[in-house]
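Reproduced below: coords_34.cif, with mmCIF, C-alpha atoms and all ligand atoms.
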```
data_coords
loop_
_atom_site.label_atom_id
_atom_site.label_comp_id
_atom_site.auth_asym_id
_atom_site.auth_seq_id
_atom_site.Cartn_x
_atom_site.Cartn_y
_atom_site.Cartn_z
CA MET A 1 108.40 -154.97 -38.59
CA VAL A 2 110.30 -152.19 -40.35
CA LYS A 3 112.51 -153.43 -43.19
CA VAL A 4 114.86 -151.51 -45.48
CA THR A 5 116.39 -153.23 -48.51
CA ILE A 6 119.49 -151.95 -50.28
CA VAL A 7 119.95 -153.14 -53.87
CA GLY A 8 123.58 -152.63 -54.93
CA ALA A 9 124.75 -153.10 -51.35
CA THR A 10 128.22 -154.28 -52.37
CA GLY A 11 129.03 -150.89 -53.92
CA ASN A 12 130.87 -148.01 -52.28
CA VAL A 13 127.74 -145.98 -51.56
CA GLY A 14 125.61 -149.05 -50.72
CA MET A 15 127.99 -150.18 -47.98
CA PHE A 16 128.19 -146.78 -46.32
CA ALA A 17 124.45 -146.10 -46.78
CA ALA A 18 123.67 -149.33 -44.90
CA HIS A 19 125.77 -148.10 -41.99
CA ALA A 20 124.27 -144.58 -42.06
CA ILE A 21 120.72 -146.00 -42.21
CA SER A 22 121.41 -148.25 -39.22
CA SER A 23 121.41 -145.22 -36.91
CA ILE A 24 117.69 -144.57 -37.64
CA PRO A 25 115.42 -145.68 -34.78
CA HIS A 26 112.77 -148.40 -35.15
CA ILE A 27 114.36 -150.32 -38.04
CA ASP A 28 114.15 -154.08 -37.46
CA GLU A 29 115.93 -155.39 -40.55
CA ILE A 30 118.35 -154.17 -43.19
CA LEU A 31 118.50 -156.53 -46.18
CA LEU A 32 121.58 -156.26 -48.38
CA HIS A 33 121.07 -157.35 -51.98
CA GLY A 34 123.91 -158.09 -54.38
CA ARG A 35 124.35 -159.88 -57.68
CA PRO A 36 124.90 -163.65 -57.79
CA GLY A 37 128.64 -164.26 -57.49
CA ARG A 38 129.01 -161.63 -54.75
CA GLU A 39 128.03 -163.97 -51.88
CA ALA A 40 131.36 -163.82 -50.01
CA LEU A 41 131.41 -160.02 -50.25
CA LEU A 42 127.82 -159.79 -48.98
CA MET A 43 128.67 -162.12 -46.11
CA GLY A 44 131.71 -160.02 -45.23
CA ILE A 45 129.76 -156.74 -45.30
CA THR A 46 127.00 -158.29 -43.16
CA GLN A 47 129.46 -159.51 -40.51
CA ASP A 48 131.33 -156.21 -40.47
CA LEU A 49 128.07 -154.25 -40.03
CA MET A 50 126.93 -156.59 -37.25
CA ASP A 51 130.24 -156.00 -35.44
CA SER A 52 129.70 -152.24 -35.71
CA PHE A 53 126.17 -152.63 -34.30
CA ALA A 54 127.52 -154.70 -31.41
CA ALA A 55 130.14 -152.05 -30.70
CA ARG A 56 127.54 -149.26 -30.90
CA GLY A 57 124.73 -151.14 -29.16
CA THR A 58 122.35 -151.13 -32.14
CA ASP A 59 119.72 -153.86 -32.25
CA ILE A 60 119.07 -154.35 -35.99
CA ARG A 61 119.09 -157.61 -37.92
CA VAL A 62 121.28 -157.53 -41.04
CA THR A 63 120.55 -160.12 -43.71
CA TRP A 64 121.85 -160.61 -47.24
CA THR A 65 120.54 -162.13 -50.44
CA THR A 66 121.12 -162.43 -54.16
CA ASP A 67 117.40 -162.97 -54.77
CA LEU A 68 115.33 -159.80 -55.22
CA HIS A 69 112.19 -161.68 -54.17
CA ASP A 70 113.50 -161.47 -50.59
CA ALA A 71 112.74 -157.73 -50.73
CA ALA A 72 109.06 -158.60 -50.16
CA GLY A 73 107.66 -156.73 -47.16
CA SER A 74 110.21 -153.89 -47.41
CA ASP A 75 109.07 -150.45 -46.27
CA ILE A 76 111.76 -148.89 -48.45
CA VAL A 77 113.92 -150.32 -51.23
CA VAL A 78 116.97 -148.22 -52.09
CA ILE A 79 118.40 -148.83 -55.58
CA LEU A 80 122.12 -148.17 -55.86
CA ALA A 81 122.89 -150.81 -58.47
CA GLY A 82 124.60 -149.52 -61.57
CA VAL A 83 127.84 -148.12 -62.84
CA PRO A 84 129.21 -144.87 -61.43
CA ARG A 85 130.73 -142.27 -63.73
CA LYS A 86 134.45 -141.95 -64.17
CA ALA A 87 136.20 -138.56 -63.92
CA GLY A 88 135.41 -136.59 -67.08
CA GLN A 89 132.13 -138.42 -67.80
CA ASP A 90 128.72 -136.77 -67.52
CA ARG A 91 126.12 -138.61 -65.40
CA LEU A 92 123.83 -138.68 -68.47
CA ASP A 93 126.46 -140.78 -70.29
CA LEU A 94 125.41 -143.66 -68.00
CA ALA A 95 121.71 -143.40 -68.86
CA LEU A 96 121.16 -146.40 -71.13
CA GLU A 97 123.62 -148.75 -69.42
CA ASN A 98 122.13 -148.07 -65.99
CA ALA A 99 118.53 -148.08 -67.25
CA ARG A 100 119.12 -151.66 -68.42
CA ILE A 101 120.10 -152.50 -64.82
CA VAL A 102 117.45 -150.43 -63.00
CA ALA A 103 114.41 -151.36 -65.14
CA PRO A 104 114.35 -155.13 -64.34
CA ILE A 105 115.09 -154.43 -60.66
CA ALA A 106 112.20 -151.94 -60.48
CA GLU A 107 109.92 -154.37 -62.30
CA THR A 108 110.60 -157.14 -59.81
CA ILE A 109 110.31 -154.84 -56.79
CA GLY A 110 106.96 -153.53 -58.06
CA LYS A 111 105.68 -157.10 -58.09
CA VAL A 112 107.15 -158.47 -54.83
CA ALA A 113 106.81 -155.29 -52.71
CA PRO A 114 103.80 -153.38 -54.11
CA ASP A 115 103.46 -151.23 -50.98
CA THR A 116 107.09 -150.18 -50.75
CA LYS A 117 108.66 -146.81 -51.32
CA LEU A 118 111.20 -147.19 -54.16
CA PHE A 119 114.14 -144.85 -53.62
CA VAL A 120 116.46 -144.46 -56.62
CA VAL A 121 120.05 -143.27 -56.27
CA THR A 122 121.68 -144.74 -59.41
CA ASN A 123 122.76 -142.02 -61.86
CA PRO A 124 121.60 -140.19 -63.87
CA VAL A 125 119.16 -140.15 -60.99
CA ASP A 126 116.33 -138.16 -62.60
CA VAL A 127 116.23 -140.43 -65.65
CA MET A 128 116.54 -143.56 -63.48
CA THR A 129 113.63 -142.40 -61.31
CA SER A 130 111.37 -142.16 -64.36
CA VAL A 131 112.61 -145.58 -65.52
CA ALA A 132 111.86 -147.06 -62.08
CA LEU A 133 108.40 -145.45 -62.05
CA ARG A 134 107.61 -146.73 -65.54
CA PHE A 135 108.78 -150.33 -65.01
CA SER A 136 107.76 -150.86 -61.38
CA MET A 137 104.15 -149.84 -62.14
CA LEU A 138 104.06 -148.33 -58.63
CA LYS A 139 102.22 -145.06 -57.96
CA PRO A 140 104.15 -141.78 -58.49
CA HIS A 141 104.24 -140.97 -54.76
CA GLN A 142 105.93 -144.33 -54.06
CA VAL A 143 108.87 -143.77 -56.42
CA PHE A 144 111.44 -141.02 -55.99
CA GLY A 145 115.13 -140.26 -56.41
CA LEU A 146 117.82 -138.50 -54.41
CA GLY A 147 117.43 -135.68 -56.94
CA THR A 148 118.98 -132.36 -55.98
CA HIS A 149 118.92 -132.98 -52.24
CA LEU A 150 122.70 -133.49 -52.14
CA ASP A 151 123.28 -130.43 -54.37
CA SER A 152 121.08 -128.38 -52.03
CA MET A 153 123.14 -129.57 -49.03
CA ARG A 154 126.39 -128.69 -50.84
CA LEU A 155 125.14 -125.14 -51.53
CA LYS A 156 123.85 -124.82 -47.96
CA ALA A 157 127.33 -125.64 -46.58
CA LEU A 158 129.00 -123.05 -48.83
CA ILE A 159 126.52 -120.32 -47.80
CA ALA A 160 126.81 -121.19 -44.09
CA SER A 161 130.59 -120.99 -44.27
CA TYR A 162 130.50 -117.66 -46.15
CA PHE A 163 128.14 -116.05 -43.61
CA HIS A 164 129.84 -117.75 -40.61
CA VAL A 165 126.55 -119.26 -39.42
CA HIS A 166 125.56 -122.77 -38.40
CA VAL A 167 124.26 -124.82 -41.35
CA SER A 168 120.89 -125.17 -39.64
CA GLU A 169 120.41 -121.37 -40.05
CA VAL A 170 120.52 -121.71 -43.85
CA HIS A 171 117.61 -122.87 -45.94
CA THR A 172 118.21 -123.16 -49.65
CA ARG A 173 117.05 -125.24 -52.59
CA ILE A 174 118.40 -126.40 -55.86
CA ILE A 175 115.82 -127.84 -58.24
CA GLY A 176 115.96 -129.43 -61.69
CA GLU A 177 118.56 -131.91 -62.94
CA HIS A 178 121.08 -133.48 -60.59
CA GLY A 179 123.68 -132.25 -63.06
CA ASP A 180 124.83 -129.27 -65.05
CA SER A 181 121.40 -127.71 -65.70
CA LEU A 182 120.52 -127.55 -61.96
CA VAL A 183 118.62 -124.43 -60.88
CA PRO A 184 119.46 -122.66 -57.59
CA LEU A 185 116.43 -120.99 -56.03
CA TRP A 186 117.82 -117.79 -54.51
CA SER A 187 114.20 -116.66 -54.11
CA ALA A 188 113.79 -119.51 -51.59
CA THR A 189 117.10 -119.03 -49.77
CA THR A 190 117.04 -117.67 -46.22
CA ILE A 191 119.55 -117.19 -43.43
CA GLY A 192 118.11 -117.16 -39.93
CA GLY A 193 114.70 -116.82 -41.60
CA ILE A 194 115.72 -113.65 -43.51
CA LYS A 195 115.59 -113.71 -47.30
CA ILE A 196 119.22 -113.83 -48.47
CA SER A 197 118.68 -110.98 -50.96
CA ASN A 198 117.67 -108.73 -48.03
CA LEU A 199 121.11 -109.13 -46.44
CA PRO A 200 123.69 -106.47 -47.51
CA GLU A 201 126.44 -109.14 -47.85
CA PHE A 202 124.40 -110.87 -50.58
CA SER A 203 125.66 -108.40 -53.19
CA HIS A 204 129.23 -109.66 -52.54
CA LEU A 205 128.34 -113.35 -52.54
CA PRO A 206 130.35 -115.20 -55.24
CA VAL A 207 127.14 -116.71 -56.62
CA LYS A 208 128.66 -118.04 -59.85
CA ASP A 209 131.61 -119.64 -58.03
CA PHE A 210 129.25 -121.30 -55.54
CA ILE A 211 127.07 -122.79 -58.27
CA GLU A 212 130.10 -123.92 -60.27
CA SER A 213 131.48 -125.53 -57.11
CA VAL A 214 128.21 -127.41 -56.50
CA LYS A 215 128.09 -128.58 -60.12
CA CYS A 216 131.71 -129.82 -60.00
CA SER A 217 131.59 -131.30 -56.50
CA GLY A 218 130.88 -134.90 -57.50
CA HIS A 219 133.43 -134.76 -60.33
CA ARG A 220 136.15 -133.33 -58.04
CA ILE A 221 135.58 -135.97 -55.36
CA ILE A 222 135.60 -138.79 -57.94
CA GLN A 223 138.86 -137.41 -59.38
CA ASN A 224 140.49 -137.26 -55.95
CA LYS A 225 139.19 -140.38 -54.20
CA GLY A 226 137.38 -142.49 -56.77
CA SER A 227 133.78 -142.08 -55.59
CA THR A 228 131.46 -139.89 -53.54
CA VAL A 229 130.32 -141.88 -50.52
CA TYR A 230 129.79 -140.01 -47.23
CA GLY A 231 127.73 -137.16 -48.71
CA PRO A 232 125.32 -139.41 -50.64
CA GLY A 233 125.25 -142.00 -47.83
CA GLU A 234 124.13 -139.44 -45.23
CA ALA A 235 121.71 -137.83 -47.71
CA ILE A 236 120.16 -141.26 -48.34
CA ALA A 237 119.81 -141.84 -44.60
CA THR A 238 118.07 -138.45 -44.19
CA LEU A 239 115.47 -139.46 -46.79
CA VAL A 240 114.95 -142.89 -45.24
CA ARG A 241 114.58 -141.37 -41.76
CA THR A 242 112.10 -138.76 -43.00
CA ILE A 243 109.92 -141.50 -44.47
CA LEU A 244 110.11 -144.05 -41.68
CA LEU A 245 109.56 -141.47 -38.93
CA ASP A 246 106.76 -139.82 -40.95
CA GLU A 247 108.45 -136.43 -40.51
CA ASN A 248 106.63 -134.46 -43.26
CA ARG A 249 109.83 -132.60 -44.13
CA ILE A 250 110.04 -130.64 -47.39
CA LEU A 251 113.05 -132.11 -49.19
CA THR A 252 114.24 -131.60 -52.74
CA VAL A 253 113.91 -135.02 -54.33
CA SER A 254 113.42 -136.32 -57.83
CA ALA A 255 109.68 -136.82 -58.06
CA PHE A 256 107.06 -137.06 -60.79
CA ILE A 257 105.61 -133.62 -61.41
CA HIS A 258 102.43 -132.83 -63.21
CA ARG A 259 101.27 -129.24 -62.68
CA GLU A 260 103.05 -128.27 -59.45
CA VAL A 261 105.82 -126.07 -60.93
CA HIS A 262 104.21 -123.63 -63.37
CA CYS A 263 102.45 -126.57 -65.08
CA ILE A 264 105.79 -127.90 -66.38
CA GLY A 265 105.82 -131.64 -66.02
CA ASN A 266 105.13 -135.28 -66.76
CA ILE A 267 108.70 -136.15 -65.78
CA CYS A 268 110.72 -137.02 -62.67
CA ILE A 269 113.10 -134.23 -61.65
CA GLY A 270 114.35 -132.46 -58.51
CA VAL A 271 111.57 -130.45 -56.86
CA PRO A 272 110.56 -129.63 -53.28
CA ALA A 273 108.28 -132.36 -51.99
CA ARG A 274 106.58 -133.24 -48.72
CA VAL A 275 108.13 -136.50 -47.60
CA ASN A 276 106.35 -138.80 -45.17
CA ARG A 277 105.42 -142.45 -44.48
CA GLN A 278 103.20 -142.51 -47.58
CA GLY A 279 105.99 -141.34 -49.90
CA VAL A 280 106.76 -138.08 -51.70
CA PHE A 281 104.31 -135.36 -52.69
CA PRO A 282 105.64 -132.40 -54.76
CA ILE A 283 104.41 -129.07 -53.45
CA THR A 284 102.98 -126.38 -55.70
CA ILE A 285 105.44 -123.49 -56.02
CA ARG A 286 105.77 -120.16 -57.84
CA LEU A 287 109.22 -119.22 -59.11
CA ASP A 288 110.85 -116.02 -60.36
CA GLU A 289 110.70 -115.59 -64.12
CA SER A 290 114.39 -116.42 -64.67
CA GLU A 291 114.06 -119.50 -62.50
CA VAL A 292 111.07 -120.73 -64.53
CA ILE A 293 113.07 -120.39 -67.76
CA ALA A 294 116.04 -122.27 -66.30
CA PHE A 295 113.82 -124.97 -64.80
CA ARG A 296 112.00 -125.48 -68.11
CA ASP A 297 115.37 -125.93 -69.87
CA SER A 298 116.47 -128.45 -67.26
CA VAL A 299 113.20 -130.39 -67.58
CA GLU A 300 113.50 -130.53 -71.37
CA LYS A 301 117.09 -131.78 -71.13
CA ILE A 302 116.03 -134.59 -68.77
CA ARG A 303 112.91 -135.33 -70.82
CA ALA A 304 115.00 -135.89 -73.97
CA SER A 305 117.26 -138.41 -72.22
CA THR A 306 114.36 -140.09 -70.39
CA ASP A 307 112.20 -140.47 -73.51
CA SER A 308 115.09 -141.87 -75.53
CA VAL A 309 116.09 -144.39 -72.84
CA ILE A 310 112.55 -145.60 -72.19
CA LYS A 311 111.88 -145.92 -75.93
CA THR A 312 115.03 -148.03 -76.37
CA LEU A 313 114.16 -150.26 -73.40
CA GLU A 314 110.64 -150.79 -74.73
CA GLN A 315 111.96 -151.66 -78.21
CA GLU A 316 114.44 -154.13 -76.69
CA ARG A 317 111.58 -155.86 -74.87
CA GLN A 318 109.50 -156.41 -78.02
N1 LIG B 401 122.21 -139.56 -57.01
C1 LIG B 401 123.32 -139.30 -56.34
O1 LIG B 401 123.45 -138.25 -55.73
C2 LIG B 401 124.40 -140.34 -56.30
C3 LIG B 401 125.43 -140.27 -55.38
C4 LIG B 401 126.41 -141.24 -55.39
C5 LIG B 401 126.36 -142.30 -56.30
N2 LIG B 401 125.33 -142.34 -57.18
C6 LIG B 401 125.23 -143.42 -58.15
O2 LIG B 401 124.98 -144.64 -57.47
C7 LIG B 401 125.49 -145.73 -58.25
C8 LIG B 401 126.42 -146.58 -57.39
O3 LIG B 401 127.57 -145.84 -57.05
P1 LIG B 401 128.79 -146.55 -56.30
O4 LIG B 401 129.85 -145.50 -56.15
O5 LIG B 401 128.31 -147.28 -55.09
O6 LIG B 401 129.27 -147.58 -57.42
P2 LIG B 401 129.99 -149.02 -57.22
O7 LIG B 401 130.60 -149.37 -58.52
O8 LIG B 401 130.86 -148.97 -56.01
O9 LIG B 401 128.77 -149.98 -56.91
C9 LIG B 401 127.86 -150.34 -57.92
C10 LIG B 401 126.91 -151.37 -57.41
O10 LIG B 401 126.05 -151.72 -58.48
C11 LIG B 401 126.12 -153.14 -58.71
N3 LIG B 401 126.01 -153.40 -60.14
C12 LIG B 401 126.85 -153.01 -61.13
N4 LIG B 401 126.42 -153.50 -62.31
C13 LIG B 401 125.30 -154.22 -62.06
C14 LIG B 401 124.41 -154.99 -62.85
N5 LIG B 401 124.61 -155.12 -64.18
N6 LIG B 401 123.35 -155.57 -62.26
C15 LIG B 401 123.15 -155.44 -60.92
N7 LIG B 401 123.97 -154.74 -60.10
C16 LIG B 401 125.03 -154.14 -60.67
C17 LIG B 401 127.51 -153.55 -58.18
O11 LIG B 401 127.55 -154.93 -57.89
C18 LIG B 401 127.61 -152.67 -56.95
O12 LIG B 401 126.87 -153.22 -55.88
C19 LIG B 401 126.19 -145.07 -59.46
O13 LIG B 401 125.29 -145.05 -60.56
C20 LIG B 401 126.47 -143.67 -58.98
O14 LIG B 401 126.62 -142.74 -60.01
C21 LIG B 401 124.35 -141.41 -57.20
O1 LIG B 402 128.96 -137.08 -59.09
C1 LIG B 402 128.63 -138.27 -59.18
O2 LIG B 402 128.72 -138.94 -60.21
C2 LIG B 402 128.10 -138.95 -57.94
C3 LIG B 402 126.95 -138.21 -57.36
O3 LIG B 402 125.98 -137.90 -58.29
C4 LIG B 402 127.36 -136.98 -56.62
O4 LIG B 402 126.93 -135.88 -56.96
O5 LIG B 402 128.10 -137.12 -55.62
#
```
Can the structure from this file be put into structure tokens for me?
Amino acid sequence: MVKVTIVGATGNVGMFAAHAISSIPHIDEILLHGRPGREALLMGITQDLMDSFAARGTDIRVTWTTDLHDAAGSDIVVILAGVPRKAGQDRLDLALENARIVAPIAETIGKVAPDTKLFVVTNPVDVMTSVALRFSMLKPHQVFGLGTHLDSMRLKALIASYFHVHVSEVHTRIIGEHGDSLVPLWSATTIGGIKISNLPEFSHLPVKDFIESVKCSGHRIIQNKGSTVYGPGEAIATLVRTILLDENRILTVSAFIHREVHCIGNICIGVPARVNRQGVFPITIRLDESEVIAFRDSVEKIRASTDSVIKTLEQERQ
């Protein structure tokens, strides 16, 4: 029995993610979790999803609960519970408020579903992934975040459009913080298998504009329509599919690194990782010198926020 639980299922991203995930083969049950007091909303979402499955011909059971213990037996638990940022806010501004929400959820999930993969989406996602790892007591390969996967997809779309090629011809990666200190890896960017820097058009590429556009993307969407939904929802479904179908894809997720990237580590941050049924496994990579410097800066920025949040949570528990 393959079961996926979504915690924070009454939110904008949670609702769409449930629908996006439902197109993955071999899922038997999607469990929607919401806070007590949200029962009518959960019931409504469940019925609406079931109608869409009937219309599409999808045979998945949708259930809902306000009790996290029902997540027992889940293959994947996606955490989307928490506040989203408002236009003008930085994702890191949400760190402590959302850590207070994510930590107890992760703690309970670690106890009731010790074999699950815990997939964190709540922002600031890199900090929340470390919080989930710390409080769930699960193993590092079981806990990961959406990281810079969505940023990488945003850059990929811009490059594909510039070169007039199908998006599948572009491979690119952004590592580091899902935020302003993100690090684009031009050294790992190819078009049709050819290193982008070997293409004459590369010298005209508006690199700075592209990176600025990726950094501002979430902010612009929130300003215009209130929240980012379809991009994250599809990105979440890609990760869930890669795990459940044991695809061994290399995706850029927030994962605990130790020595894999120039020995910079002991933190959860966006890095390329092999993703399969067992979880996420960062791959060892060598970067250009300028990329190492930028990645180290990004790691230290995330480490400062992570350490401060975890210290506060631990003090509050004493
Ligand atoms: N990592 C990414 O790329 C990415 C992308 C999109 C959204 N996000 C993040 O995901 C989170 C959800 O975004 P959204 O747009 O769906 O927000 P939303 O406000 O629509 O939904 C928030 C959800 O969290 C729940 N929630 C709020 N406070 C809670 C609490 N104290 N305890 C338990 N549950 C609580 C709500 O009931 C709701 O289900 C935000 O933190 C947002 O920044 C991350
Ligand atoms: O930008 C946000 O706050 C939401 C999300 O992280 C995104 O990048 O779409």
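Omitting Ile27 of chain A and its sequence neighbours fewer than 2 positions away, and counting all atoms listed in the file, the residues within 6 Å are Val2, Pro25 and Glu29 of chain A.
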Can you tell me, as a short mmCIF file (atom, residue, chain, number, x, y, z; two decimals) with C-alpha atoms, keeping the file's coordinate frame, what residues are no more than 12 Å from Ile264 of chain A when counting only C-alpha atoms, ignoring any on the same chain fewer than 2 positions away?
```
data_model
loop_
_atom_site.label_atom_id
_atom_site.label_comp_id
_atom_site.auth_asym_id
_atom_site.auth_seq_id
_atom_site.Cartn_x
_atom_site.Cartn_y
_atom_site.Cartn_z
CA GLY A 176 115.96 -129.43 -61.69
CA PHE A 256 107.06 -137.06 -60.79
CA ILE A 257 105.61 -133.62 -61.41
CA HIS A 258 102.43 -132.83 -63.21
CA ARG A 259 101.27 -129.24 -62.68
CA GLU A 260 103.05 -128.27 -59.45
CA VAL A 261 105.82 -126.07 -60.93
CA HIS A 262 104.21 -123.63 -63.37
CA ASN A 266 105.13 -135.28 -66.76
CA ILE A 267 108.70 -136.15 -65.78
CA CYS A 268 110.72 -137.02 -62.67
CA ILE A 269 113.10 -134.23 -61.65
CA VAL A 271 111.57 -130.45 -56.86
CA THR A 284 102.98 -126.38 -55.70
CA ILE A 285 105.44 -123.49 -56.02
CA ARG A 286 105.77 -120.16 -57.84
CA LEU A 287 109.22 -119.22 -59.11
CA VAL A 292 111.07 -120.73 -64.53
CA ILE A 293 113.07 -120.39 -67.76
CA ALA A 294 116.04 -122.27 -66.30
CA PHE A 295 113.82 -124.97 -64.80
CA ARG A 296 112.00 -125.48 -68.11
CA ASP A 297 115.37 -125.93 -69.87
CA SER A 298 116.47 -128.45 -67.26
CA VAL A 299 113.20 -130.39 -67.58
CA GLU A 300 113.50 -130.53 -71.37
CA ARG A 303 112.91 -135.33 -70.82
#
```
Within 8 Å of ligand LIG 401 (chain B), counting only C-alpha atoms and all ligand atoms, which protein or nucleic acid residues do you find, written as JSON, numbers by chain?
-> {"A": [7, 8, 9, 10, 11, 12, 13, 14, 15, 34, 35, 38, 80, 81, 82, 83, 84, 85, 91, 94, 98, 100, 101, 102, 120, 121, 122, 123, 124, 125, 145, 146, 147, 148, 149, 150, 151, 178, 218, 227, 228, 229, 231, 232, 233]}
Nearest to Asn276 of chain A, chosen from A:His141, A:His26, A:Arg56, A:Lys111, with all atoms listed in the file counted in the distances =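 For Asn276 of chain A, the nearest of the given residues is A:His141.
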Counting only C-alpha atoms and all ligand atoms, figure out which residue out of A:Val214, A:Leu251, A:Leu118, A:Met50 gets nearest to ligand LIG 402 (chain B).
->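 Checking each candidate against ligand LIG 402 (chain B), we get A:Val214 as the closest.
Comparing the minimum interatomic distances between Val309 of chain A and each of A:Gly226, A:Ser130, A:Val165, A:Gln89, counting all atoms listed in the file, we find that A:Ser130 sits nearest.
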For the point (122.0, -113.9, -42.3) in the file's frame, write as an NGL selection string all residues with an atom no more than 9 Å away, counting only C-alpha atoms.
-> :A and (160 or 163-165 or 169-170 or 190-196 or 198-199 or 201)
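Nearest residue to Ser74 of chain A, choosing from A:Glu291, A:Asp28, A:Asp246, A:Asp90 and counting only C-alpha atoms: A:Asp28.
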Do a neighbour search on Pro184 of chain A at 8 Å with only C-alpha atoms, toss out local chain neighbours closer than 2 positions, and write the hits as a PyMOL selection string.
-> chain A and resi 173-175+182+186+211+291
Among the residues A:Ile243, A:Ser217, A:Asn224, A:Lys301, the one that comes closest to ligand LIG 402 (chain B) [using only C-alpha atoms and all ligand atoms] | A:Ser217
Name all residues at most 6 Å from Ile30 of chain A (count only C-alpha atoms; drop same-chain ones fewer than 4 positions away) and give them as a list in words.
->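 In the requested form, the answer reads Lys3, Val4, Thr5 and Val62 of chain A.
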Compile the contact shell of Arg249 of chain A as a PDB file with C-alpha atoms, keeping the file's coordinate frame: residues with an atom at most 12 Å away, counting all atoms listed in the file, same-chain residues fewer than 2 positions apart removed.
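The result, written out as result-v1.pdb:
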```pdb
ATOM      1  CA  THR A 238     118.070-138.450 -44.190  1.00  0.00           C
ATOM      2  CA  LEU A 239     115.470-139.460 -46.790  1.00  0.00           C
ATOM      3  CA  VAL A 240     114.950-142.890 -45.240  1.00  0.00           C
ATOM      4  CA  ARG A 241     114.580-141.370 -41.760  1.00  0.00           C
ATOM      5  CA  THR A 242     112.100-138.760 -43.000  1.00  0.00           C
ATOM      6  CA  ILE A 243     109.920-141.500 -44.470  1.00  0.00           C
ATOM      7  CA  LEU A 244     110.110-144.050 -41.680  1.00  0.00           C
ATOM      8  CA  LEU A 245     109.560-141.470 -38.930  1.00  0.00           C
ATOM      9  CA  ASP A 246     106.760-139.820 -40.950  1.00  0.00           C
ATOM     10  CA  GLU A 247     108.450-136.430 -40.510  1.00  0.00           C
ATOM     11  CA  LEU A 251     113.050-132.110 -49.190  1.00  0.00           C
ATOM     12  CA  THR A 252     114.240-131.600 -52.740  1.00  0.00           C
ATOM     13  CA  VAL A 253     113.910-135.020 -54.330  1.00  0.00           C
ATOM     14  CA  PRO A 272     110.560-129.630 -53.280  1.00  0.00           C
ATOM     15  CA  ALA A 273     108.280-132.360 -51.990  1.00  0.00           C
ATOM     16  CA  ARG A 274     106.580-133.240 -48.720  1.00  0.00           C
ATOM     17  CA  VAL A 275     108.130-136.500 -47.600  1.00  0.00           C
ATOM     18  CA  ASN A 276     106.350-138.800 -45.170  1.00  0.00           C
ATOM     19  CA  ARG A 277     105.420-142.450 -44.480  1.00  0.00           C
ATOM     20  CA  GLY A 279     105.990-141.340 -49.900  1.00  0.00           C
ATOM     21  CA  VAL A 280     106.760-138.080 -51.700  1.00  0.00           C
ATOM     22  CA  PHE A 281     104.310-135.360 -52.690  1.00  0.00           C
ATOM     23  CA  PRO A 282     105.640-132.400 -54.760  1.00  0.00           C
ATOM     24  CA  ILE A 283     104.410-129.070 -53.450  1.00  0.00           C
TER      25      ILE A 283
END
```
Can you tell me how far atom CA of Gly73 of chain A sits from atom CA of Gln278 of chain A, in Å to one decimal?
->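 Here the two named atoms are 14.9 Å from each other.
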Report the distance between atom CA of Val131 of chain A and atom O4 of ligand LIG 402 (chain B) in Å, rounded to one decimal place.
-> 19.3 Å
Please measure the separation of atom CA of Ala87 of chain A and atom CA of Ala255 of chain A, giving the value in Å to one decimal.
->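 Distance reported for this atom pair: 27.2 Å.
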Padding of 5 Å on every side, edges along x, y and z, all listed atoms of ligand LIG 402 (chain B) included: what centre and edge lengths in Å, to one decimal, does that box have, as lines of an AutoDock Vina configuration file?
```
center_x = 127.5
center_y = -137.4
center_z = -57.9
size_x = 13.0
size_y = 13.1
size_z = 14.6
```
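Compared by their closest atoms to ligand LIG 402 (chain B), and using only C-alpha atoms and all ligand atoms, the residues A:Met137, A:Ile6, A:Ile222, A:Ile76 rank with A:Ile222 nearest.
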